>>> print(open('work-v1.cif').read())   # mmCIF, C-alpha atoms
data_coords
loop_
_atom_site.group_PDB
_atom_site.id
_atom_site.type_symbol
_atom_site.label_atom_id
_atom_site.label_comp_id
_atom_site.auth_asym_id
_atom_site.auth_seq_id
_atom_site.Cartn_x
_atom_site.Cartn_y
_atom_site.Cartn_z
ATOM 1 C CA VAL M 122 1.937 -1.733 -12.328
ATOM 2 C CA ASN M 123 4.697 -4.262 -11.935
ATOM 3 C CA GLN M 124 7.991 -2.436 -11.764
ATOM 4 C CA LYS M 125 11.388 -4.083 -11.591
ATOM 5 C CA SER M 126 14.821 -2.561 -11.311
ATOM 6 C CA ASN M 127 18.239 -4.134 -11.638
ATOM 7 C CA SER M 128 19.704 -1.928 -8.919
ATOM 8 C CA VAL M 129 16.814 -2.026 -6.431
ATOM 9 C CA PRO M 130 15.119 -5.121 -4.973
ATOM 10 C CA ARG M 131 11.718 -5.709 -6.589
ATOM 11 C CA ALA M 132 9.858 -5.046 -3.324
ATOM 12 C CA LEU M 133 11.474 -1.599 -3.113
ATOM 13 C CA ALA M 134 11.248 -0.587 -6.765
ATOM 14 C CA HIS M 135 7.804 1.042 -6.417
ATOM 15 C CA ARG M 136 8.215 2.968 -3.192
ATOM 16 C CA GLU M 137 7.341 6.599 -3.803
ATOM 17 C CA VAL M 138 4.220 7.732 -5.576
ATOM 18 C CA LEU M 139 3.826 11.464 -5.955
ATOM 19 C CA THR M 140 0.577 13.049 -6.993
ATOM 20 C CA THR M 141 0.508 15.814 -9.571
ATOM 21 C CA CYS M 142 -1.074 19.091 -8.568
ATOM 22 C CA SER M 143 -1.303 22.530 -10.114
ATOM 23 C CA SER M 144 -0.644 24.519 -6.953
ATOM 24 C CA PRO M 145 2.810 24.595 -5.340
ATOM 25 C CA ARG M 146 3.025 22.192 -2.401
ATOM 26 C CA THR M 147 5.816 20.616 -0.443
ATOM 27 C CA MET M 148 6.871 17.071 -1.252
ATOM 28 C CA ALA M 149 5.530 15.919 2.127
ATOM 29 C CA GLU M 150 2.044 17.137 1.181
ATOM 30 C CA ASN M 151 2.196 15.274 -2.139
ATOM 31 C CA ARG M 152 3.274 11.891 -0.798
ATOM 32 C CA THR M 153 0.906 8.981 -0.891
ATOM 33 C CA PRO M 154 0.878 7.601 2.661
ATOM 34 C CA ARG M 155 1.655 3.983 3.425
ATOM 35 C CA VAL M 156 -1.008 2.515 5.663
ATOM 36 C CA ASN M 157 -2.234 -0.553 7.474
ATOM 37 C CA LYS M 158 -5.855 -1.298 8.436
ATOM 38 C CA ALA M 159 -5.747 0.883 11.577
ATOM 39 C CA MET M 160 -4.581 3.887 9.540
ATOM 40 C CA LEU M 161 -7.353 3.742 6.927
ATOM 41 C CA ALA M 162 -9.875 5.748 9.002
ATOM 42 C CA GLU M 163 -7.621 8.816 9.016
ATOM 43 C CA ASN M 164 -7.220 8.568 5.244
ATOM 44 C CA VAL M 165 -10.831 8.305 4.021
ATOM 45 C CA GLY M 166 -11.059 9.897 0.582
ATOM 46 C CA ALA M 167 -7.282 9.852 0.136
ATOM 47 C CA LYS M 168 -5.034 7.831 -2.130
ATOM 48 C CA VAL M 169 -2.911 5.369 -0.111
ATOM 49 C CA LEU M 170 -0.420 2.534 -0.503
ATOM 50 C CA MET M 171 -1.111 -0.651 1.453
ATOM 51 C CA VAL M 172 0.749 -3.963 1.439
ATOM 52 C CA GLY M 173 -1.350 -7.017 2.149
ATOM 53 C CA LYS M 174 -1.449 -10.771 2.063
ATOM 54 C CA VAL M 175 -4.103 -12.029 -0.339
ATOM 55 C CA ILE M 176 -6.804 -13.910 1.585
ATOM 56 C CA SER M 177 -9.385 -14.167 -1.202
ATOM 57 C CA GLN M 178 -9.504 -13.244 -4.874
ATOM 58 C CA GLY M 179 -12.300 -11.867 -7.024
ATOM 59 C CA GLN M 180 -13.838 -8.567 -8.096
ATOM 60 C CA THR M 181 -13.646 -7.645 -4.404
ATOM 61 C CA ALA M 182 -10.536 -9.235 -2.934
ATOM 62 C CA MET M 183 -9.774 -9.521 0.772
ATOM 63 C CA LEU M 184 -6.276 -8.654 1.989
ATOM 64 C CA GLU M 185 -4.728 -9.001 5.437
ATOM 65 C CA SER M 186 -2.786 -5.826 6.197
ATOM 66 C CA SER M 187 0.463 -5.673 8.144
ATOM 67 C CA ASP M 188 -1.416 -5.129 11.448
ATOM 68 C CA HIS M 189 -3.528 -8.273 10.750
ATOM 69 C CA GLY M 190 -6.662 -6.293 9.867
ATOM 70 C CA GLN M 191 -8.731 -7.420 6.902
ATOM 71 C CA VAL M 192 -9.383 -4.947 4.094
ATOM 72 C CA ALA M 193 -11.783 -5.336 1.167
ATOM 73 C CA VAL M 194 -10.201 -4.198 -2.098
ATOM 74 C CA HIS M 195 -12.469 -3.386 -5.031
ATOM 75 C CA ARG M 196 -10.447 -4.560 -8.028
ATOM 76 C CA THR M 197 -10.095 -2.817 -11.369
ATOM 77 C CA SER M 198 -9.610 -6.224 -12.968
ATOM 78 C CA GLY M 199 -11.158 -9.602 -12.314
ATOM 79 C CA ALA M 200 -7.809 -11.292 -12.947
ATOM 80 C CA PRO M 201 -6.309 -12.929 -9.857
ATOM 81 C CA TYR M 202 -3.306 -11.420 -8.112
ATOM 82 C CA PRO M 203 -0.138 -13.213 -9.282
ATOM 83 C CA SER M 204 1.307 -13.756 -5.789
ATOM 84 C CA SER M 205 0.454 -13.966 -2.097
ATOM 85 C CA TYR M 206 1.665 -10.433 -1.258
ATOM 86 C CA VAL M 207 0.723 -7.274 -3.141
ATOM 87 C CA GLU M 208 0.897 -3.537 -2.643
ATOM 88 C CA ILE M 209 -2.298 -1.685 -3.501
ATOM 89 C CA LEU M 210 -2.485 1.905 -4.697
ATOM 90 C CA GLY M 211 -6.017 3.157 -4.247
ATOM 91 C CA ASP M 212 -8.573 5.455 -2.670
ATOM 92 C CA VAL M 213 -10.010 4.768 0.799
ATOM 93 C CA ASN M 214 -13.804 4.590 1.008
ATOM 94 C CA SER M 215 -15.908 5.598 4.025
ATOM 95 C CA ASP M 216 -16.467 1.895 4.838
ATOM 96 C CA LEU M 217 -12.628 1.533 4.982
ATOM 97 C CA SER M 218 -12.495 -0.552 1.833
ATOM 98 C CA VAL M 219 -10.076 0.496 -0.918
ATOM 99 C CA ASN M 220 -10.769 1.120 -4.611
ATOM 100 C CA GLU M 221 -7.708 -0.290 -6.349
ATOM 101 C CA GLU M 222 -6.088 1.913 -8.953
ATOM 102 C CA ALA M 223 -3.012 -0.268 -9.419
ATOM 103 C CA PHE M 224 -1.076 -2.993 -7.653
ATOM 104 C CA THR M 225 2.512 -4.189 -7.393
ATOM 105 C CA ASP M 226 3.434 -7.856 -7.049
ATOM 106 C CA PHE M 227 5.470 -8.401 -3.855
ATOM 107 C CA GLY M 228 6.021 -12.122 -4.369
ATOM 108 C CA GLU M 229 5.557 -15.086 -2.069
ATOM 109 C CA ASN M 230 7.803 -14.033 0.836
ATOM 110 C CA PHE M 231 7.316 -10.644 2.450
ATOM 111 C CA ASP M 232 7.972 -9.825 6.107
ATOM 112 C CA MET M 233 4.762 -8.131 7.221
ATOM 113 C CA LYS M 234 6.000 -7.623 10.797
ATOM 114 C CA ASN M 235 9.034 -5.646 9.630
ATOM 115 C CA TYR M 236 6.853 -3.649 7.257
ATOM 116 C CA ASN M 237 4.429 -2.830 10.069
ATOM 117 C CA ASP M 238 7.367 -1.728 12.255
ATOM 118 C CA VAL M 239 8.465 0.641 9.466
ATOM 119 C CA LEU M 240 4.933 2.067 9.273
ATOM 120 C CA HIS M 241 5.083 2.820 12.990
ATOM 121 C CA LEU M 242 8.478 4.516 12.564
ATOM 122 C CA ILE M 243 7.045 6.688 9.810
ATOM 123 C CA GLN M 244 4.114 7.664 12.039
ATOM 124 C CA THR M 245 6.212 8.406 15.142
ATOM 125 C CA ARG M 246 9.165 10.136 13.459
ATOM 126 C CA GLY M 247 7.294 11.988 10.769
ATOM 127 C CA GLN M 248 6.510 11.152 7.174
ATOM 128 C CA GLY M 249 8.997 13.743 5.915
ATOM 129 C CA THR M 250 11.794 11.493 7.203
ATOM 130 C CA PHE M 251 11.043 8.680 4.750
#
>>> encode(input="work-v1.cif", output="structure tokens")
Amino acid sequence: VNQKSNSVPRALAHREVLTTCSSPRTMAENRTPRVNKAMLAENVGAKVLMVGKVISQGQTAMLESSDHGQVAVHRTSGAPYPSSYVEILGDVNSDLSVNEEAFTDFGENFDMKNYNDVLHLIQTRGQGTF
């Protein structure tokens, strides 16, 4: 799922993923949360978005999340990630690994510290804000 937009920087083009549901819910309930390693435990069984630096490739890749935690990602494809930084869309398992549904290429230069700071803002000021 590599999305590019002429009006939005590539790293921001794939920001909001909404799930489809048959019952009426608020947008806040339908948002896919952005997480780091520390936030995975509160999202077991849920679909999440996580940006990570690729540490190892393979059917199960290892990513370093924005809080420096390591996360195993069970790939849908054996093909290597095309860059050092990727965003994963997937479901969190009870062992805190993630089953990848899709990924977005974030290139070779991504500021993980700033991203982690944004995650903390989202958590402290409410997800409905972003």
>>> atom_distance(input="work-v1.cif", atom1="atom CA of M:Asp226", atom2="atom CA of M:Leu184")
13.3 Å
>>> resolve_selection(input="work-v1.cif", expression="the PyMOL selection byres ((chain M and resi 190) around 10)", output="list in words")
Asn157, Lys158, Ala159, Gly173, Leu184, Glu185, Ser186, Ser187, Asp188, His189, Gln191 and Val192 of chain M
>>> atom_distance(input="work-v1.cif", atom1="atom CA of M:Ile209", atom2="atom CA of M:Met183")
11.6 Å
>>> atom_distance(input="work-v1.cif", atom1="atom CA of M:Gln244", atom2="atom CA of M:Glu229")
26.8 Å
>>> residues_near_point(input="work-v1.cif", point="(-6.3, 4.6, 0.5)", cutoff="9 Å", atoms="all atoms listed in the file", output="ChimeraX atom specification")
/M:153-156,161,164-171,209-214,217-221
>>> resolve_selection(input="work-v1.cif", expression="the PyMOL selection byres ((chain M and resi 228) around 10)", output="list in words")
Arg131, Ala132, Lys174, Pro203, Ser204, Ser205, Tyr206, Val207, Thr225, Asp226, Phe227, Glu229, Asn230 and Phe231 of chain M
>>> axis_aligned_box(input="work-v1.cif", around="stretch 201-214 of chain M", padding_each_side="4 Å", output="JSON")
{"center_x": -6.1, "center_y": -4.3, "center_z": -4.4, "size_x": 23.5, "size_y": 27.4, "size_z": 18.9}
>>> resolve_selection(input="work-v1.cif", expression="the PyMOL selection byres ((chain M and resi 180) around 9)", output="list in words")
Gln178, Gly179, Thr181, Ala182, Val194, His195, Arg196, Thr197, Ser198, Gly199, Ala200 and Pro201 of chain M
